[in-house]
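**Q** What follows is final02.cif; its format and atoms are mmCIF, C-alpha atoms.
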```
data_start
loop_
_atom_site.label_atom_id
_atom_site.label_comp_id
_atom_site.auth_asym_id
_atom_site.auth_seq_id
_atom_site.Cartn_x
_atom_site.Cartn_y
_atom_site.Cartn_z
CA MET A 11 0.00 0.00 0.00
CA SER A 12 2.80 2.38 0.92
CA ILE A 13 4.58 1.59 -2.36
CA GLN A 14 1.45 2.44 -4.33
CA THR A 15 1.02 5.67 -2.37
CA SER A 16 4.64 6.63 -2.95
CA PHE A 17 4.32 5.87 -6.67
CA ALA A 18 1.14 7.97 -6.90
CA GLU A 19 2.87 10.88 -5.15
CA GLN A 20 5.77 10.66 -7.61
CA ILE A 21 3.37 10.69 -10.56
CA SER A 22 1.57 13.68 -9.02
CA LEU A 23 4.84 15.54 -8.55
CA VAL A 24 5.94 14.81 -12.13
CA PHE A 25 2.60 16.03 -13.48
CA LYS A 26 2.77 19.22 -11.42
CA LEU A 27 6.27 19.88 -12.67
CA TYR A 28 5.01 19.32 -16.21
CA CYS A 29 2.19 21.82 -15.62
CA LEU A 30 4.64 24.31 -14.16
CA THR A 31 6.96 23.95 -17.16
CA VAL A 32 4.12 24.43 -19.65
CA MET A 33 2.74 27.52 -17.91
CA THR A 34 6.20 29.05 -17.75
CA LEU A 35 7.04 28.36 -21.39
CA VAL A 36 3.69 29.68 -22.60
CA ALA A 37 4.05 32.97 -20.69
CA ALA A 38 7.68 33.53 -21.62
CA THR A 39 7.39 32.43 -25.26
CA TYR A 40 4.33 34.58 -25.91
CA THR A 41 6.01 37.71 -24.57
CA VAL A 42 9.33 37.16 -26.36
CA ALA A 43 7.70 36.09 -29.64
CA LEU A 44 5.37 39.09 -29.64
CA ARG A 45 8.30 41.41 -28.98
CA TYR A 46 10.24 39.75 -31.80
CA THR A 47 7.42 40.21 -34.31
CA ARG A 48 7.19 43.92 -33.47
CA THR A 49 10.91 44.67 -33.90
CA VAL A 50 12.32 42.51 -36.73
CA SER A 51 10.58 44.10 -39.69
CA LEU A 52 9.56 47.54 -40.87
CA ASP A 53 6.55 46.04 -42.66
CA LEU A 54 4.66 45.25 -39.49
CA TYR A 55 1.41 43.34 -39.42
CA PHE A 56 -1.66 45.06 -38.02
CA SER A 57 -1.86 44.15 -34.34
CA THR A 58 -5.60 44.85 -34.29
CA THR A 59 -6.18 42.01 -36.77
CA ALA A 60 -4.16 39.63 -34.59
CA VAL A 61 -6.33 40.49 -31.59
CA CYS A 62 -9.48 39.90 -33.68
CA ILE A 63 -8.29 36.50 -34.96
CA THR A 64 -7.44 35.49 -31.40
CA GLU A 65 -11.04 36.18 -30.37
CA VAL A 66 -12.35 34.06 -33.25
CA ILE A 67 -10.13 31.11 -32.29
CA LYS A 68 -11.18 31.40 -28.65
CA LEU A 69 -14.83 31.33 -29.73
CA PHE A 70 -14.38 28.08 -31.65
CA LEU A 71 -12.40 26.56 -28.79
CA SER A 72 -15.19 27.42 -26.35
CA LEU A 73 -17.78 25.97 -28.73
CA GLY A 74 -15.77 22.75 -28.85
CA MET A 75 -15.51 22.60 -25.06
CA LEU A 76 -19.26 23.29 -24.67
CA ALA A 77 -20.03 20.52 -27.17
CA ARG A 78 -17.91 18.14 -25.13
CA GLU A 79 -19.58 19.26 -21.91
CA SER A 80 -23.08 18.94 -23.41
CA GLY A 81 -22.52 15.39 -24.66
CA SER A 82 -24.76 15.67 -27.71
CA ILE A 83 -25.56 18.00 -30.59
CA ASP A 84 -29.15 18.46 -29.42
CA ARG A 85 -28.06 19.61 -25.95
CA LEU A 86 -25.51 21.92 -27.54
CA LYS A 87 -28.18 23.51 -29.75
CA THR A 88 -30.52 23.89 -26.79
CA SER A 89 -27.81 25.52 -24.68
CA LEU A 90 -26.82 27.95 -27.43
CA THR A 91 -30.44 28.83 -28.21
CA GLU A 92 -31.34 29.44 -24.57
CA HIS A 93 -28.23 31.27 -23.38
CA VAL A 94 -26.97 33.01 -26.52
CA PHE A 95 -29.62 33.64 -29.19
CA ARG A 96 -32.46 34.30 -26.75
CA SER A 97 -30.43 36.15 -24.11
CA PRO A 98 -29.60 39.63 -25.44
CA LYS A 99 -29.29 41.00 -21.89
CA GLU A 100 -26.63 38.42 -21.04
CA LEU A 101 -24.74 39.23 -24.25
CA LEU A 102 -24.87 42.90 -23.30
CA LYS A 103 -23.62 42.08 -19.79
CA LEU A 104 -20.64 40.16 -21.20
CA SER A 105 -19.87 42.91 -23.70
CA VAL A 106 -18.32 44.88 -20.82
CA PRO A 107 -15.34 42.53 -20.28
CA SER A 108 -15.19 42.05 -24.07
CA VAL A 109 -14.45 45.73 -24.59
CA VAL A 110 -12.01 45.84 -21.67
CA TYR A 111 -10.13 42.71 -22.78
CA ALA A 112 -9.94 44.05 -26.34
CA ILE A 113 -8.29 47.21 -25.02
CA GLN A 114 -5.94 45.14 -22.83
CA ASN A 115 -4.81 42.91 -25.69
CA ASN A 116 -4.18 45.85 -28.00
CA MET A 117 -2.23 47.60 -25.24
CA ALA A 118 -0.02 44.52 -24.89
CA PHE A 119 0.99 44.85 -28.56
CA LEU A 120 1.60 48.57 -28.13
CA ALA A 121 3.67 48.02 -24.98
CA LEU A 122 5.85 45.31 -26.53
CA SER A 123 6.42 47.51 -29.56
CA ASN A 124 8.09 50.04 -27.26
CA LEU A 125 9.51 48.04 -24.33
CA ASP A 126 11.78 45.04 -23.99
CA ALA A 127 10.11 41.70 -23.25
CA ALA A 128 11.81 41.37 -19.85
CA VAL A 129 10.85 44.89 -18.77
CA TYR A 130 7.29 44.21 -19.92
CA GLN A 131 7.13 40.86 -18.13
CA VAL A 132 8.23 42.39 -14.82
CA THR A 133 6.09 45.52 -15.05
CA TYR A 134 3.00 43.61 -16.13
CA GLN A 135 2.99 41.86 -12.76
CA LEU A 136 1.32 45.02 -11.45
CA LYS A 137 -1.84 43.20 -12.52
CA ILE A 138 -1.60 41.36 -9.17
CA PRO A 139 -2.18 44.40 -6.93
CA CYS A 140 -4.73 45.76 -9.41
CA THR A 141 -6.66 42.50 -9.34
CA ALA A 142 -6.36 42.36 -5.55
CA LEU A 143 -7.83 45.86 -5.22
CA CYS A 144 -10.70 45.04 -7.60
CA THR A 145 -11.34 41.83 -5.66
CA VAL A 146 -11.63 43.74 -2.40
CA LEU A 147 -13.91 46.41 -3.90
CA MET A 148 -16.08 44.27 -6.20
CA LEU A 149 -16.21 40.86 -4.48
CA ASN A 150 -15.92 42.06 -0.86
CA ARG A 151 -12.96 39.83 -0.10
CA SER A 152 -10.21 40.55 2.37
CA LEU A 153 -6.45 40.20 1.97
CA SER A 154 -4.03 39.12 4.66
CA ARG A 155 -1.29 41.41 5.94
CA LEU A 156 1.28 39.30 4.12
CA GLN A 157 -0.56 39.78 0.84
CA TRP A 158 -0.77 43.54 1.33
CA PHE A 159 2.96 43.54 2.13
CA SER A 160 3.67 41.56 -1.04
CA VAL A 161 1.60 44.05 -3.05
CA PHE A 162 3.69 47.00 -1.83
CA LEU A 163 6.87 44.97 -2.33
CA LEU A 164 5.87 44.26 -5.92
CA CYS A 165 5.19 47.94 -6.57
CA GLY A 166 8.62 48.76 -5.16
CA GLY A 167 10.23 46.18 -7.42
CA VAL A 168 8.52 47.54 -10.52
CA THR A 169 9.59 51.07 -9.53
CA LEU A 170 13.21 49.91 -9.42
CA VAL A 171 12.88 48.29 -12.84
CA GLN A 172 11.52 51.49 -14.35
CA TRP A 173 13.94 53.77 -12.44
CA ASN A 174 16.82 52.94 -14.76
CA PRO A 175 15.29 50.77 -17.52
CA ALA A 176 17.43 48.15 -19.22
CA GLU A 177 18.13 48.94 -22.88
CA SER A 178 18.17 46.66 -25.92
CA THR A 179 21.19 47.22 -28.16
CA LYS A 180 20.09 45.01 -31.07
CA VAL A 181 16.71 46.63 -31.69
CA GLN A 182 16.85 49.10 -34.57
CA VAL A 183 13.23 50.29 -34.71
CA ASP A 184 12.10 53.52 -33.10
CA GLN A 185 10.65 53.08 -29.62
CA ASN A 186 8.86 55.25 -27.11
CA PRO A 187 9.38 53.86 -23.58
CA VAL A 188 6.96 56.34 -22.03
CA LEU A 189 4.22 55.25 -24.44
CA GLY A 190 5.06 51.63 -23.65
CA LEU A 191 4.78 52.27 -19.91
CA ILE A 192 1.41 54.00 -20.37
CA ALA A 193 0.21 51.03 -22.44
CA ILE A 194 1.21 48.60 -19.67
CA ALA A 195 -0.60 50.74 -17.09
CA VAL A 196 -3.79 50.62 -19.15
CA ALA A 197 -3.39 46.86 -19.74
CA VAL A 198 -2.90 46.25 -16.02
CA LEU A 199 -6.02 48.20 -15.09
CA CYS A 200 -8.03 46.39 -17.77
CA SER A 201 -6.74 42.99 -16.66
CA GLY A 202 -7.66 43.56 -13.02
CA PHE A 203 -11.14 44.93 -13.68
CA ALA A 204 -12.16 42.52 -16.46
CA GLY A 205 -10.96 39.43 -14.60
CA VAL A 206 -12.86 40.29 -11.42
CA TYR A 207 -15.96 41.42 -13.36
CA PHE A 208 -16.04 38.13 -15.24
CA GLU A 209 -15.66 36.18 -12.00
CA LYS A 210 -18.56 38.14 -10.50
CA VAL A 211 -20.72 37.31 -13.53
CA LEU A 212 -19.88 33.62 -13.13
CA LYS A 213 -20.99 33.73 -9.51
CA SER A 214 -24.31 35.35 -10.38
CA SER A 215 -25.72 32.11 -11.86
CA ASP A 216 -25.00 28.46 -12.55
CA THR A 217 -24.53 29.07 -16.27
CA SER A 218 -21.69 27.07 -17.78
CA LEU A 219 -18.33 28.77 -18.04
CA TRP A 220 -18.11 27.86 -21.71
CA VAL A 221 -21.47 29.50 -22.39
CA ARG A 222 -20.18 32.65 -20.68
CA ASN A 223 -17.03 32.48 -22.77
CA ILE A 224 -19.07 32.17 -25.97
CA GLN A 225 -21.20 35.16 -24.95
CA MET A 226 -18.07 37.17 -24.26
CA TYR A 227 -16.20 36.20 -27.43
CA LEU A 228 -19.17 36.92 -29.69
CA SER A 229 -19.13 40.46 -28.35
CA GLY A 230 -15.33 40.45 -28.50
CA ILE A 231 -15.27 39.67 -32.21
CA VAL A 232 -17.61 42.57 -32.96
CA VAL A 233 -15.60 44.94 -30.74
CA THR A 234 -12.22 43.95 -32.20
CA LEU A 235 -13.52 44.18 -35.79
CA VAL A 236 -14.67 47.71 -35.05
CA GLY A 237 -11.21 48.36 -33.62
CA VAL A 238 -9.57 47.07 -36.81
CA PHE A 239 -11.44 49.47 -39.05
CA ILE A 240 -11.17 52.43 -36.69
CA SER A 241 -7.40 52.07 -36.19
CA ASP A 242 -6.22 50.50 -39.45
CA GLY A 243 -9.25 50.51 -41.75
CA PRO A 244 -7.75 52.21 -44.85
CA LYS A 245 -4.47 50.26 -44.56
CA VAL A 246 -6.26 46.94 -44.11
CA LEU A 247 -8.42 47.60 -47.17
CA GLU A 248 -5.33 48.52 -49.17
CA LYS A 249 -2.88 45.80 -48.03
CA GLY A 250 -5.17 43.06 -46.78
CA PHE A 251 -6.28 41.68 -43.43
CA PHE A 252 -3.31 39.32 -43.14
CA TYR A 253 -0.64 41.73 -44.36
CA GLY A 254 2.74 41.10 -42.72
CA TYR A 255 1.80 37.74 -41.22
CA THR A 256 4.66 35.29 -40.77
CA ALA A 257 5.12 32.00 -38.93
CA TRP A 258 6.15 33.98 -35.83
CA VAL A 259 2.98 36.07 -35.96
CA CYS A 260 0.90 32.89 -36.25
CA LEU A 261 2.73 31.54 -33.20
CA VAL A 262 1.82 34.66 -31.23
CA VAL A 263 -1.85 34.30 -32.18
CA PHE A 264 -1.73 30.59 -31.32
CA LEU A 265 -0.19 31.21 -27.90
CA ALA A 266 -2.62 34.03 -27.12
CA SER A 267 -5.63 31.82 -27.83
CA VAL A 268 -4.71 28.20 -27.11
CA GLY A 269 -2.09 29.04 -24.49
CA GLY A 270 -4.58 30.81 -22.25
CA LEU A 271 -6.95 27.85 -22.40
CA TYR A 272 -4.25 25.29 -21.65
CA THR A 273 -2.84 27.30 -18.77
CA SER A 274 -6.30 27.72 -17.27
CA VAL A 275 -6.95 23.99 -17.44
CA VAL A 276 -3.70 22.93 -15.77
CA VAL A 277 -3.99 25.60 -13.07
CA LYS A 278 -6.66 23.58 -11.26
CA TYR A 279 -4.10 20.79 -10.75
CA THR A 280 -1.58 23.14 -9.15
CA ASP A 281 -1.67 25.77 -6.41
CA ASN A 282 -0.89 29.48 -5.99
CA ILE A 283 2.69 28.77 -4.95
CA MET A 284 3.38 26.91 -8.19
CA LYS A 285 1.70 29.70 -10.17
CA GLY A 286 4.02 32.12 -8.40
CA PHE A 287 7.06 30.06 -9.30
CA SER A 288 5.81 29.91 -12.89
CA ALA A 289 5.50 33.70 -13.12
CA ALA A 290 8.96 34.16 -11.60
CA ALA A 291 10.48 31.59 -13.96
CA ALA A 292 8.81 33.31 -16.93
CA ILE A 293 10.47 36.57 -15.91
CA ILE A 294 13.87 34.86 -15.77
CA LEU A 295 13.39 33.14 -19.16
CA SER A 296 12.19 36.39 -20.76
CA THR A 297 15.25 38.17 -19.40
CA VAL A 298 17.65 35.52 -20.73
CA ALA A 299 15.92 35.53 -24.12
CA SER A 300 16.03 39.33 -24.25
CA VAL A 301 19.76 39.33 -23.56
CA LEU A 302 20.40 36.78 -26.33
CA LEU A 303 17.94 38.04 -28.97
CA PHE A 304 17.69 41.77 -28.35
CA GLY A 305 20.99 42.59 -26.64
CA LEU A 306 19.34 43.62 -23.39
CA GLN A 307 21.80 45.26 -21.01
CA ILE A 308 20.95 44.31 -17.44
CA THR A 309 21.30 47.08 -14.86
CA VAL A 310 21.61 46.72 -11.10
CA THR A 311 18.25 48.39 -10.54
CA PHE A 312 16.56 46.09 -13.06
CA ALA A 313 18.02 42.97 -11.46
CA SER A 314 17.11 44.15 -7.95
CA GLY A 315 13.59 45.07 -8.99
CA ALA A 316 13.06 41.76 -10.78
CA VAL A 317 14.15 39.84 -7.67
CA LEU A 318 11.72 41.84 -5.50
CA VAL A 319 8.89 41.17 -7.97
CA CYS A 320 9.61 37.43 -7.99
CA LEU A 321 9.70 37.39 -4.18
CA SER A 322 6.43 39.32 -3.91
CA ILE A 323 4.69 36.92 -6.31
CA TYR A 324 5.77 34.00 -4.15
CA LEU A 325 4.62 35.69 -0.93
CA TYR A 326 1.26 36.67 -2.43
CA GLY A 327 0.61 33.07 -3.44
CA LEU A 328 1.25 31.57 -0.01
CA PRO A 329 -1.93 29.88 1.30
CA THR A 330 -3.93 32.02 3.70
CA GLN A 331 -7.44 31.76 5.06
CA ASP A 332 -8.35 35.34 4.22
CA THR A 333 -7.94 35.04 0.46
CA THR A 334 -10.78 32.60 0.02
CA LYS A 335 -13.15 33.98 2.63
CA LEU A 336 -16.00 36.16 1.48
CA ILE A 337 -17.15 38.80 3.94
CA ARG A 338 -20.68 39.33 2.69
CA ALA A 339 -21.53 36.69 0.13
CA GLU A 340 -20.66 33.11 -0.65
CA PRO A 341 -20.16 31.98 -4.25
CA HIS A 342 -22.97 30.12 -5.93
CA LYS A 343 -22.81 26.39 -6.33
CA GLY A 344 -20.96 25.19 -9.38
CA THR A 345 -18.36 27.96 -9.51
CA ASN A 346 -15.56 26.23 -7.61
CA GLN A 347 -13.80 25.24 -10.81
CA ARG A 348 -13.53 28.33 -12.96
CA LEU A 349 -11.52 28.12 -16.17
CA MET A 350 -10.93 31.33 -18.07
CA ILE A 351 -9.46 31.98 -21.50
CA ILE A 352 -7.72 35.31 -21.23
#
```
Translate this structure into structure tokens?

**A**
Amino acid sequence: MSIQTSFAEQISLVFKLYCLTVMTLVAATYTVALRYTRTVSLDLYFSTTAVCITEVIKLFLSLGMLARESGSIDRLKTSLTEHVFRSPKELLKLSVPSVVYAIQNNMAFLALSNLDAAVYQVTYQLKIPCTALCTVLMLNRSLSRLQWFSVFLLCGGVTLVQWNPAESTKVQVDQNPVLGLIAIAVAVLCSGFAGVYFEKVLKSSDTSLWVRNIQMYLSGIVVTLVGVFISDGPKVLEKGFFYGYTAWVCLVVFLASVGGLYTSVVVKYTDNIMKGFSAAAAIILSTVASVLLFGLQITVTFASGAVLVCLSIYLYGLPTQDTTKLIRAEPHKGTNQRLMII
């Protein structure tokens, strides 16, 4: 019996390490690949079209997952008819995070067009305190003292990173670091608000997560298409929707759509500590890749700030009773396993 238990624990550990590796590689590869596609060519693709295609792929993925969950075509049709085609109010409700996520994704492209991947990866961790604040305000949750300490520690680390930013010597395109920093700030605010808003919507009913995703991505496709023609309409009509697309651009779109789904699925088999390690490892990998690919010059302030950010992520993820306790309301039944495609 003890041998079987020991073997099962080894399998569990191996699987968790596998999940950790995948989450880390997805996060790091997406950031570095996106940065690469925005700096290697003067004939850049339209980032708004990439965001739109990502929404389309996510929609089809969610349809596939709902079909699997339903078990039959008839149940799938019934679910779509009831919750999508005959629920305009629900579609309108989910259009809010659709708009916010569309802004966030476009800001990520803008930020990585003007900032190094490592600097972006570290600074983007400000989404943690932003999400924490939105959770306190919108879901009436409380944070422990250690979590509040980790939030301030993270902010201090990001400040150090931005105090004397590391520079890339191999990037020849024009960049505007201030614009990149503003883009990250907007993306962070959008990430925190949209994530918590979507969680609150999930708790408001027992509707399937995949139905909610479909509702959100239908709105998202409309919003991002409008964004394409507002931002790049004349150029898209002249050069084509897929102008400038390469294998690397397709990889970025793939990671943005499928990567988010895969990471969300494996997260339920891990814990917050492992997620913290994953985020810290992604920062390290992004930094190494930036040094090799973009000639990033590491400064003392950057290194110190990155270490503080990694430490704060770990501290924030330590298990505490306060993070899961609701002060005023308990979540509805059926929402204990929430998978989100972001």

**Q** For a quick check of your reading of the model, name the residues lying within 9 Å of the coordinate (10.2, 46.9, -6.9), counting all atoms listed in the file, and write them as an MDAnalysis selection string.

**A** chainID A and resid 162:172 311:312 314:319 322

**Q** Give me the result of the PyMOL selection byres ((chain A and resi 114) around 8) on this file, residue by residue, as an MDAnalysis selection string.

**A** chainID A and resid 110:113 115:118 196:198 200:201

**Q** Of the residues A:Leu125, A:Val181, A:Val106, A:Val50, which is the one nearest to A:Gly305, using only C-alpha atoms?

**A** A:Val181

**Q** What is the atom CA of A:Leu321 to atom CA of A:Ala291 distance in Å?

**A**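 Taking atom CA of A:Leu321 and atom CA of A:Ala291, their separation equals 11.4 Å.
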
**Q** Using the chain letters and numbers from the file, which residues does the PyMOL selection byres ((chain A and resi 39) around 9) grab, as a list of chain:residue names?

**A**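 Checking the PyMOL selection byres ((chain A and resi 39) around 9) against this file, the residues are A:Thr34, A:Leu35, A:Val36, A:Ala37, A:Ala38, A:Tyr40, A:Thr41, A:Val42, A:Ala43, A:Leu44, A:Val262, A:Leu265, A:Ala292, A:Leu295, A:Ser296.
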
**Q** Figure out the distance between atom CA of A:Leu120 and atom CA of A:Phe70, please, to one decimal in Å.

**A** 26.2 Å

**Q** Spell out the residues picked by the PyMOL selection byres ((chain A and resi 256) around 12) here, as a PyMOL selection string.

**A** chain A and resi 43-44+46-48+50-51+53-56+60+252-255+257-263

**Q** How many Å separate atom CA of A:Val109 from atom CA of A:Met33?

**A** 25.9 Å

**Q** May I have the residues within 10 Å of A:Ser89 as an MDAnalysis selection string, using all atoms listed in the file and disregarding those fewer than 4 positions away in the same chain?

**A** chainID A and resid 76:77 80 83:85 93:95 217:218 221

**Q** Could you tell me which of A:Leu302, A:Ile138, A:Leu90, A:Ile67 comes closest to A:Trp220 if we count all atoms listed in the file?

**A** A:Leu90

**Q** Taking only C-alpha atoms into account, name the residue in A:Ala299, A:Leu104, A:Leu30, A:Val206 that is nearest to A:Met148.

**A**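 When distances to A:Met148 are compared using only C-alpha atoms, the smallest one comes from A:Val206.
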
**Q** With a distance cut-off of 10 Å and all atoms listed in the file, select the neighbouring residues of A:Leu69, excluding the residue or stretch itself and same-chain residues fewer than 5 positions from it, and output the selection as an MDAnalysis selection string.

**A** chainID A and resid 63:64 74:75 220 223:228 230:231 267 351

**Q** From the set A:Asn150, A:Asn174, A:Ser97, A:Gln135, which residue has the shortest atom-to-atom contact distance to A:Tyr324, counting all atoms listed in the file?

**A**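 Answer, going by the shortest atom-to-atom distance: A:Gln135.
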
**Q** Please determine, counting all atoms listed in the file, which residue among A:Cys320, A:Ala142, A:Ile192, A:Thr58 has the shortest atom-to-atom distance to A:Ala289.

**A**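 Selected residue with least distance to A:Ala289: A:Cys320.
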
**Q** Using only C-alpha atoms, which of the listed residues (A:Leu306, A:Ala313, A:Ser241, A:Ile194) sits closest to A:Gln131?

**A** A:Ile194
